[in-house]
Amino acid sequence: MLEFEKLQFSKGIYNAYDDIYPAYGVFPELPSGIEVLLAARRRGVPDPLNDKETKLKLDQISQNDVRNDINREMMRRSFLQQYALNVSGGSGNYNYYGSAGYDRELPTGIRSVDDRFTVSFGNNYKILKKVELGAQLVHSRRTGVTRGISYNDLLNPSAKVSPYARLIDDEGTYLPITKGYRMPYIDTAAVSEAGDWYFRPLQEFEHQNVRSNTNETRINLALKYSVASWLKFDLQYQNELNYRNIVNTYDASSYVVRDGINKSMYYDQNGILVYPWPMGDLLDKYNEIEKAWNIRGSVGIDKQWKNSRVSGILGVERREASLEGSSDMIYGFDPNTYISQQVDPTKVIVTRPDRGSLMLGQVANPVGRLNRFGSMFTNFAYSWNDRYVLTVGGRIDQSNNFGIKSNLRQVPLWSVGGRWQINEEKWFSLDWLDILALKLSYGYTGNTITNATSSATFKYEDTEYYLPPRLNFRYGSILSPSNPGLRWERVKIVNFGGEVSMFNGKLNSTIEYYLKRGLDLVGQIKSDPTTGFGSFVGNNASMKSSGLDLTINTNLNITKDLSWKSSLLFSFNKNKILDYYLPRPASGEYLAMGWVAINPGDPINPVYSFRSAGLDGNSGDPLVILGDTISNYSNISDAKISDLKYHGSVSPRYFGSFLNEFRLGNLALSCLITYRWGHFLGLLQLTIVSC
């Protein structure tokens, strides 16, 4: 990396950082190697790259590897502790069970810990001979603490941390690295009473932390009534309450607070130093309450007479889930007195050195969500002589995402199937073959979506980050336009399969081949910009897929005490887009959208690339072939669709696993092998940085 930066410096790419940017108050961060070269240039060194003193400093820098500091000072081996206690008992008319568990995890990030405590209790009462009542209570509490910053924050390319930076010196002193501003600017900038403006990653372990608490409670009630041996009623109810609280605390010495104070301080007209960002801790709080209930009632039959048997279920279900949350920023907080300082949310603060703007506020930002779902369902099976089985199922699902009109809010779904138990035929006489069966099914399934609604949605705003401010007047902004034609996603499925079991269950296998066709699939649809929206979420695609699932299980007793079980899973899947109602933009837009198919016939997760023409001999920039010409990589945003080369799918075509378990008495040894192939690896996002 340092050699590449030297090459860029020799081309004069970094001259603007000293010659132009400071006049505009712009001091973007630079690697320390470039700062050494620019410092030599400012001293008047004719050729910094060949200057003896400068080369010595660069050689010293090149010996550093920031990954070593990160691995040594910010990471550790993860460790997980698990404890559990179970109890059960009862009598003929009453039984109970209970459990308690405690998990403690020490993640790879140092100074982080995650604790979880769970407890559950359930019981069943046989009130009358035909009436049974059950109840269950499950509660879990999870707490987590993360101190400082994550090592991923430094390894992320957006952090712009030099690979040869140092976080700590040989004496154990925490060292600063660039963040937001060039180091020469930070060295000379005036600072506040809060402290300097340096960012020392390892120092943040003592000055910032994230604490999270999650409490989840679930209550289940069940009532069963047996009218007769073949007719039963079942009523189930579930209620859930989840509470989450996350508090990011940045104390007065943290970089976030020091940066906020230092960049916003200014002298008023009387020459008095003013601190718009209050001195003290900063609390970033988020609270969330999620409530959900579900009720399900059904009647089931299982009646047999002579050679026939009928079994089935008929029921109705209703479900509702709501979420309410809010976030809040508290400035100037004193942990000893629990007193915070008020800020003016309408005041625009000019920041230095870039003369940007900043607005502080303590306005809570509420969020909310309400989803309702309903369903009526039935499923019946008729079998004759345990040889031939016919199944018929249907359901009508409803969701509030599709508006108030019942014909749009609900979708009818159905399926039919059959099974032939060949081994039950009178002419079948293979004693070593326990089960031999064939099956076939055809039908539709449905899927609702939560990121789209048929009605227009909007939200209220209390502040606006534009000039001039609107004095905290409340206003609304539209989030999504109305889409009265929004429909459920549906999937048509045809399934063929077979089942074989041999040698009293020692070897069994199942195989299934399926064909699926997705209809009315939901995605982004481009719209006329004059409507005020460049796109909206709606039904815009269809696709089809096919695949094979094969399972082979063995269960062998090698000796009296030694047994061997194995399970081989093999799957194959192939899919392609049939219709995709999205205008064909420039290839650069497709790359920005991620793994999105360009043409009908391509899979849903394709990999495309440009044809490479090597590197530019002068600048080192990558070159690509656009049309019949060689072009710089920075021009790909204007490339045509035909310039992209299709490779294959990101998703594996073939995948599965092989599990073996050997058991000797009470001692067991297992080994799991997973595999996948028939796919291509690709970058989901590529960022080009121009200096």
# chains A, B, ... in the order shown; residues from 1 in each chain; ligands from 1

call {"tool": "residues_around", "arguments": {"residues": "Thr391 in chain A", "least_positions_apart": "6", "cutoff": "6 Å", "atoms": "only C-alpha atoms", "output": "list in words"}}
result
Phe380, Ala381, Val416 and Gly417 of chain A

call {"tool": "write_last_selection", "arguments": {"atoms": "N, CA and C atoms", "output": "compact mmCIF listing (two decimals), in the first residue's frame"}}
result
# COMPACT_ATOMS: atom_id res chain seq x y z
N PHE A 380 -57.61 -31.97 4.71
CA PHE A 380 -58.21 -33.28 4.90
C PHE A 380 -57.47 -34.32 4.08
N ALA A 381 -57.44 -35.54 4.65
CA ALA A 381 -56.80 -36.65 3.96
C ALA A 381 -57.71 -37.88 4.03
N VAL A 416 -53.48 -29.94 -3.58
CA VAL A 416 -53.98 -31.32 -3.64
C VAL A 416 -52.76 -32.23 -3.75
N GLY A 417 -52.90 -33.44 -3.24
CA GLY A 417 -51.79 -34.37 -3.30
C GLY A 417 -52.24 -35.80 -3.14

call {"tool": "residues_around", "arguments": {"residues": "Tyr286 in chain A", "least_positions_apart": "2", "cutoff": "9 Å", "atoms": "only C-alpha atoms", "output": "PyMOL selection string"}}
result
chain A and resi 244-248+284+288+325-328

call {"tool": "write_last_selection", "arguments": {"atoms": "all heavy atoms", "output": "PDB file, in the first residue's frame"}}
result
ATOM      1  N   ARG A 244     -36.952  -3.775  24.870  1.00  0.00           N
ATOM      2  CA  ARG A 244     -35.537  -3.606  24.569  1.00  0.00           C
ATOM      3  C   ARG A 244     -35.113  -2.186  24.914  1.00  0.00           C
ATOM      4  O   ARG A 244     -35.831  -1.230  24.635  1.00  0.00           O
ATOM      5  CB  ARG A 244     -35.243  -3.884  23.097  1.00  0.00           C
ATOM      6  CG  ARG A 244     -35.628  -5.281  22.636  1.00  0.00           C
ATOM      7  CD  ARG A 244     -35.319  -5.481  21.157  1.00  0.00           C
ATOM      8  NE  ARG A 244     -35.775  -6.779  20.698  1.00  0.00           N
ATOM      9  CZ  ARG A 244     -36.962  -7.015  20.182  1.00  0.00           C
ATOM     10  NH1 ARG A 244     -37.825  -6.013  20.071  1.00  0.00           N
ATOM     11  NH2 ARG A 244     -37.312  -8.220  19.785  1.00  0.00           N
ATOM     12  N   ASN A 245     -33.949  -2.091  25.498  1.00  0.00           N
ATOM     13  CA  ASN A 245     -33.394  -0.795  25.883  1.00  0.00           C
ATOM     14  C   ASN A 245     -31.914  -0.787  25.533  1.00  0.00           C
ATOM     15  O   ASN A 245     -31.172  -1.685  25.926  1.00  0.00           O
ATOM     16  CB  ASN A 245     -33.600  -0.556  27.376  1.00  0.00           C
ATOM     17  CG  ASN A 245     -32.819   0.646  27.882  1.00  0.00           C
ATOM     18  OD1 ASN A 245     -31.789   0.489  28.525  1.00  0.00           O
ATOM     19  ND2 ASN A 245     -33.288   1.838  27.577  1.00  0.00           N
ATOM     20  N   ILE A 246     -31.501   0.195  24.769  1.00  0.00           N
ATOM     21  CA  ILE A 246     -30.096   0.330  24.369  1.00  0.00           C
ATOM     22  C   ILE A 246     -29.638   1.741  24.723  1.00  0.00           C
ATOM     23  O   ILE A 246     -30.299   2.726  24.369  1.00  0.00           O
ATOM     24  CB  ILE A 246     -29.912   0.090  22.856  1.00  0.00           C
ATOM     25  CG1 ILE A 246     -30.399  -1.315  22.478  1.00  0.00           C
ATOM     26  CG2 ILE A 246     -28.440   0.248  22.467  1.00  0.00           C
ATOM     27  CD1 ILE A 246     -30.351  -1.575  20.983  1.00  0.00           C
ATOM     28  N   VAL A 247     -28.528   1.840  25.434  1.00  0.00           N
ATOM     29  CA  VAL A 247     -27.982   3.131  25.830  1.00  0.00           C
ATOM     30  C   VAL A 247     -26.512   3.189  25.402  1.00  0.00           C
ATOM     31  O   VAL A 247     -25.689   2.406  25.881  1.00  0.00           O
ATOM     32  CB  VAL A 247     -28.087   3.363  27.344  1.00  0.00           C
ATOM     33  CG1 VAL A 247     -27.501   4.727  27.703  1.00  0.00           C
ATOM     34  CG2 VAL A 247     -29.541   3.269  27.799  1.00  0.00           C
ATOM     35  N   ASN A 248     -26.209   4.087  24.482  1.00  0.00           N
ATOM     36  CA  ASN A 248     -24.826   4.376  24.112  1.00  0.00           C
ATOM     37  C   ASN A 248     -24.360   5.544  24.978  1.00  0.00           C
ATOM     38  O   ASN A 248     -24.922   6.643  24.910  1.00  0.00           O
ATOM     39  CB  ASN A 248     -24.712   4.763  22.635  1.00  0.00           C
ATOM     40  CG  ASN A 248     -25.081   3.612  21.717  1.00  0.00           C
ATOM     41  OD1 ASN A 248     -24.991   2.465  22.110  1.00  0.00           O
ATOM     42  ND2 ASN A 248     -25.500   3.924  20.510  1.00  0.00           N
ATOM     43  N   ASP A 284     -27.082   8.390  24.145  1.00  0.00           N
ATOM     44  CA  ASP A 284     -27.915   8.091  22.981  1.00  0.00           C
ATOM     45  C   ASP A 284     -28.772   6.890  23.357  1.00  0.00           C
ATOM     46  O   ASP A 284     -28.282   5.761  23.431  1.00  0.00           O
ATOM     47  CB  ASP A 284     -27.031   7.784  21.772  1.00  0.00           C
ATOM     48  CG  ASP A 284     -27.842   7.547  20.510  1.00  0.00           C
ATOM     49  OD1 ASP A 284     -29.079   7.639  20.574  1.00  0.00           O
ATOM     50  OD2 ASP A 284     -27.231   7.250  19.463  1.00  0.00           O
ATOM     51  N   GLU A 288     -37.736   0.298  23.081  1.00  0.00           N
ATOM     52  CA  GLU A 288     -38.660  -0.356  22.156  1.00  0.00           C
ATOM     53  C   GLU A 288     -39.526  -1.351  22.909  1.00  0.00           C
ATOM     54  O   GLU A 288     -39.038  -2.115  23.749  1.00  0.00           O
ATOM     55  CB  GLU A 288     -37.866  -1.072  21.063  1.00  0.00           C
ATOM     56  CG  GLU A 288     -38.701  -1.815  20.047  1.00  0.00           C
ATOM     57  CD  GLU A 288     -37.834  -2.519  19.024  1.00  0.00           C
ATOM     58  OE1 GLU A 288     -37.373  -1.848  18.082  1.00  0.00           O
ATOM     59  OE2 GLU A 288     -37.591  -3.732  19.197  1.00  0.00           O
ATOM     60  N   GLY A 325     -41.416   2.450  19.521  1.00  0.00           N
ATOM     61  CA  GLY A 325     -40.053   2.746  19.954  1.00  0.00           C
ATOM     62  C   GLY A 325     -39.765   4.227  19.858  1.00  0.00           C
ATOM     63  O   GLY A 325     -40.448   4.983  19.155  1.00  0.00           O
ATOM     64  N   SER A 326     -38.762   4.653  20.572  1.00  0.00           N
ATOM     65  CA  SER A 326     -38.351   6.050  20.530  1.00  0.00           C
ATOM     66  C   SER A 326     -36.872   6.150  20.846  1.00  0.00           C
ATOM     67  O   SER A 326     -36.313   5.315  21.566  1.00  0.00           O
ATOM     68  CB  SER A 326     -39.152   6.894  21.530  1.00  0.00           C
ATOM     69  OG  SER A 326     -38.885   6.465  22.857  1.00  0.00           O
ATOM     70  N   SER A 327     -36.245   7.155  20.283  1.00  0.00           N
ATOM     71  CA  SER A 327     -34.830   7.410  20.547  1.00  0.00           C
ATOM     72  C   SER A 327     -34.680   8.828  21.077  1.00  0.00           C
ATOM     73  O   SER A 327     -35.517   9.701  20.824  1.00  0.00           O
ATOM     74  CB  SER A 327     -33.996   7.235  19.267  1.00  0.00           C
ATOM     75  OG  SER A 327     -34.454   8.099  18.251  1.00  0.00           O
ATOM     76  N   ASP A 328     -33.631   9.057  21.816  1.00  0.00           N
ATOM     77  CA  ASP A 328     -33.445  10.350  22.455  1.00  0.00           C
ATOM     78  C   ASP A 328     -31.955  10.603  22.638  1.00  0.00           C
ATOM     79  O   ASP A 328     -31.187   9.678  22.944  1.00  0.00           O
ATOM     80  CB  ASP A 328     -34.148  10.364  23.811  1.00  0.00           C
ATOM     81  CG  ASP A 328     -34.372  11.779  24.329  1.00  0.00           C
ATOM     82  OD1 ASP A 328     -34.075  12.723  23.582  1.00  0.00           O
ATOM     83  OD2 ASP A 328     -34.834  11.929  25.465  1.00  0.00           O
TER      84      ASP A 328
END

call {"tool": "closest_atom_pairs", "arguments": {"of": "range 391-456 of chain A", "to": "range 530-554 of chain A", "cutoff": "12 Å", "atoms": "only C-alpha atoms", "output": "CSV"}}
result
residue,atom,partner,partner_atom,distance
A:Asn401,CA,A:Gly538,CA,11.9
A:Phe402,CA,A:Gly538,CA,11.2
A:Thr448,CA,A:Asn539,CA,11.5
A:Ile449,CA,A:Gly538,CA,10.0
A:Thr450,CA,A:Val537,CA,10.6
A:Asn451,CA,A:Val537,CA,7.6
A:Ala452,CA,A:Val537,CA,5.8
A:Thr453,CA,A:Val537,CA,8.3
A:Ser454,CA,A:Gly538,CA,8.9
A:Ser455,CA,A:Val537,CA,11.6
A:Ala456,CA,A:Phe536,CA,10.6

call {"tool": "residues_around", "arguments": {"residues": "Gly505 in chain A", "least_positions_apart": "3", "cutoff": "10 Å", "atoms": "only C-alpha atoms", "output": "ChimeraX atom specification"}}
result
/A:432-435,500-502,508-509,553-556

call {"tool": "atom_distance", "arguments": {"atom1": "CA of Ser429 in chain A", "atom2": "CA of Ser383 in chain A"}}
result
21.5 Å

call {"tool": "residues_around", "arguments": {"residues": "range 129-139 of chain A", "least_positions_apart": "4", "cutoff": "7 Å", "atoms": "only C-alpha atoms", "output": "list of chain:residue names"}}
result
A:Thr118, A:Val119, A:Ser120, A:Phe121, A:Gly122, A:Asn123, A:Asn124, A:Tyr125, A:Glu216, A:Thr217, A:Arg218, A:Ile219, A:Asn220, A:Leu221, A:Ala222, A:Leu223, A:Lys224, A:Tyr225, A:Ser226

call {"tool": "residues_around", "arguments": {"residues": "Val392 in chain A", "least_positions_apart": "4", "cutoff": "10 Å", "atoms": "only C-alpha atoms", "output": "ChimeraX atom specification"}}
result
/A:312,378-382,414-418,441-443

call {"tool": "write_last_selection", "arguments": {"atoms": "N, CA and C atoms", "output": "PDB file, in the first residue's frame"}}
result
ATOM      1  N   GLY A 312     -58.497 -34.918   9.344  1.00  0.00           N
ATOM      2  CA  GLY A 312     -58.415 -33.554   8.847  1.00  0.00           C
ATOM      3  C   GLY A 312     -58.560 -32.540   9.957  1.00  0.00           C
ATOM      4  N   THR A 378     -58.054 -25.293   6.170  1.00  0.00           N
ATOM      5  CA  THR A 378     -58.559 -26.659   6.268  1.00  0.00           C
ATOM      6  C   THR A 378     -57.606 -27.589   5.538  1.00  0.00           C
ATOM      7  N   ASN A 379     -57.549 -28.809   6.017  1.00  0.00           N
ATOM      8  CA  ASN A 379     -56.705 -29.818   5.380  1.00  0.00           C
ATOM      9  C   ASN A 379     -57.284 -31.187   5.721  1.00  0.00           C
ATOM     10  N   PHE A 380     -57.611 -31.969   4.710  1.00  0.00           N
ATOM     11  CA  PHE A 380     -58.211 -33.281   4.905  1.00  0.00           C
ATOM     12  C   PHE A 380     -57.466 -34.322   4.084  1.00  0.00           C
ATOM     13  N   ALA A 381     -57.439 -35.536   4.646  1.00  0.00           N
ATOM     14  CA  ALA A 381     -56.799 -36.654   3.958  1.00  0.00           C
ATOM     15  C   ALA A 381     -57.708 -37.876   4.035  1.00  0.00           C
ATOM     16  N   TYR A 382     -57.818 -38.567   2.917  1.00  0.00           N
ATOM     17  CA  TYR A 382     -58.591 -39.811   2.852  1.00  0.00           C
ATOM     18  C   TYR A 382     -57.655 -40.928   2.398  1.00  0.00           C
ATOM     19  N   TRP A 414     -54.505 -23.065  -2.143  1.00  0.00           N
ATOM     20  CA  TRP A 414     -54.988 -24.439  -2.076  1.00  0.00           C
ATOM     21  C   TRP A 414     -53.903 -25.401  -2.536  1.00  0.00           C
ATOM     22  N   SER A 415     -54.123 -26.673  -2.244  1.00  0.00           N
ATOM     23  CA  SER A 415     -53.202 -27.719  -2.697  1.00  0.00           C
ATOM     24  C   SER A 415     -53.915 -29.063  -2.698  1.00  0.00           C
ATOM     25  N   VAL A 416     -53.483 -29.938  -3.584  1.00  0.00           N
ATOM     26  CA  VAL A 416     -53.976 -31.320  -3.635  1.00  0.00           C
ATOM     27  C   VAL A 416     -52.765 -32.229  -3.755  1.00  0.00           C
ATOM     28  N   GLY A 417     -52.903 -33.444  -3.238  1.00  0.00           N
ATOM     29  CA  GLY A 417     -51.787 -34.372  -3.303  1.00  0.00           C
ATOM     30  C   GLY A 417     -52.238 -35.804  -3.138  1.00  0.00           C
ATOM     31  N   GLY A 418     -51.330 -36.699  -3.451  1.00  0.00           N
ATOM     32  CA  GLY A 418     -51.630 -38.121  -3.329  1.00  0.00           C
ATOM     33  C   GLY A 418     -50.389 -38.913  -2.971  1.00  0.00           C
ATOM     34  N   SER A 441     -47.817 -33.814  -5.375  1.00  0.00           N
ATOM     35  CA  SER A 441     -48.654 -32.723  -4.872  1.00  0.00           C
ATOM     36  C   SER A 441     -48.576 -31.538  -5.826  1.00  0.00           C
ATOM     37  N   TYR A 442     -49.624 -30.720  -5.757  1.00  0.00           N
ATOM     38  CA  TYR A 442     -49.716 -29.531  -6.600  1.00  0.00           C
ATOM     39  C   TYR A 442     -50.533 -28.490  -5.849  1.00  0.00           C
ATOM     40  N   GLY A 443     -50.063 -27.224  -5.880  1.00  0.00           N
ATOM     41  CA  GLY A 443     -50.824 -26.192  -5.198  1.00  0.00           C
ATOM     42  C   GLY A 443     -50.129 -24.855  -5.165  1.00  0.00           C
TER      43      GLY A 443
END

call {"tool": "atom_distance", "arguments": {"atom1": "CA of Phe233 in chain A", "atom2": "CA of Val316 in chain A"}}
result
12.1 Å

call {"tool": "residues_around", "arguments": {"residues": "range 100-114 of chain A", "least_positions_apart": "4", "cutoff": "7 Å", "atoms": "only C-alpha atoms", "output": "JSON, numbers by chain"}}
result
{"A": [74, 75, 76, 77, 78, 79, 80, 81, 82, 83, 84, 85, 86, 118, 119, 120, 143, 144, 145, 146, 147, 150, 151]}

call {"tool": "residues_around", "arguments": {"residues": "His207 in chain A", "least_positions_apart": "2", "cutoff": "9 Å", "atoms": "only C-alpha atoms", "output": "list in words"}}
result
Arg147, Gly148, Gln203, Glu204, Phe205, Asn209, Thr249, Tyr250, Asp251, Ala252, Ser253, Ser254 and Tyr255 of chain A

call {"tool": "select_by_dssp", "arguments": {"residues": "range 246-333 of chain A", "states": "alpha helix (DSSP H)", "output": "PDB file with N, CA and C atoms, in the first residue's frame"}}
result
ATOM      1  N   TYR A 255     -14.054  10.482  22.404  1.00  0.00           N
ATOM      2  CA  TYR A 255     -13.766  11.235  21.180  1.00  0.00           C
ATOM      3  C   TYR A 255     -15.028  11.879  20.622  1.00  0.00           C
ATOM      4  N   VAL A 256     -16.171  11.190  20.705  1.00  0.00           N
ATOM      5  CA  VAL A 256     -17.415  11.741  20.159  1.00  0.00           C
ATOM      6  C   VAL A 256     -17.745  13.077  20.813  1.00  0.00           C
ATOM      7  N   VAL A 257     -17.617  13.153  22.126  1.00  0.00           N
ATOM      8  CA  VAL A 257     -17.930  14.392  22.835  1.00  0.00           C
ATOM      9  C   VAL A 257     -16.866  15.446  22.558  1.00  0.00           C
ATOM     10  N   ARG A 258     -15.588  15.061  22.631  1.00  0.00           N
ATOM     11  CA  ARG A 258     -14.528  16.046  22.380  1.00  0.00           C
ATOM     12  C   ARG A 258     -14.612  16.590  20.951  1.00  0.00           C
ATOM     13  N   ASP A 259     -14.918  15.714  20.008  1.00  0.00           N
ATOM     14  CA  ASP A 259     -15.052  16.168  18.619  1.00  0.00           C
ATOM     15  C   ASP A 259     -16.231  17.123  18.485  1.00  0.00           C
ATOM     16  N   GLY A 260     -17.377  16.800  19.102  1.00  0.00           N
ATOM     17  CA  GLY A 260     -18.539  17.673  19.012  1.00  0.00           C
ATOM     18  C   GLY A 260     -18.288  19.036  19.626  1.00  0.00           C
ATOM     19  N   ILE A 261     -17.631  19.054  20.780  1.00  0.00           N
ATOM     20  CA  ILE A 261     -17.356  20.329  21.447  1.00  0.00           C
ATOM     21  C   ILE A 261     -16.344  21.146  20.668  1.00  0.00           C
ATOM     22  N   ASN A 262     -15.273  20.499  20.217  1.00  0.00           N
ATOM     23  CA  ASN A 262     -14.196  21.228  19.540  1.00  0.00           C
ATOM     24  C   ASN A 262     -14.619  21.785  18.183  1.00  0.00           C
ATOM     25  N   LYS A 263     -15.434  21.046  17.454  1.00  0.00           N
ATOM     26  CA  LYS A 263     -15.803  21.534  16.128  1.00  0.00           C
ATOM     27  C   LYS A 263     -16.925  22.568  16.173  1.00  0.00           C
ATOM     28  N   SER A 264     -17.648  22.673  17.304  1.00  0.00           N
ATOM     29  CA  SER A 264     -18.768  23.614  17.368  1.00  0.00           C
ATOM     30  C   SER A 264     -18.475  24.860  18.200  1.00  0.00           C
TER      31      SER A 264
END

call {"tool": "closest_residue", "arguments": {"among": "A:Leu370, A:Leu231, A:Arg142, A:Val348", "to": "Leu314 in chain A", "atoms": "only C-alpha atoms"}}
result
A:Leu231
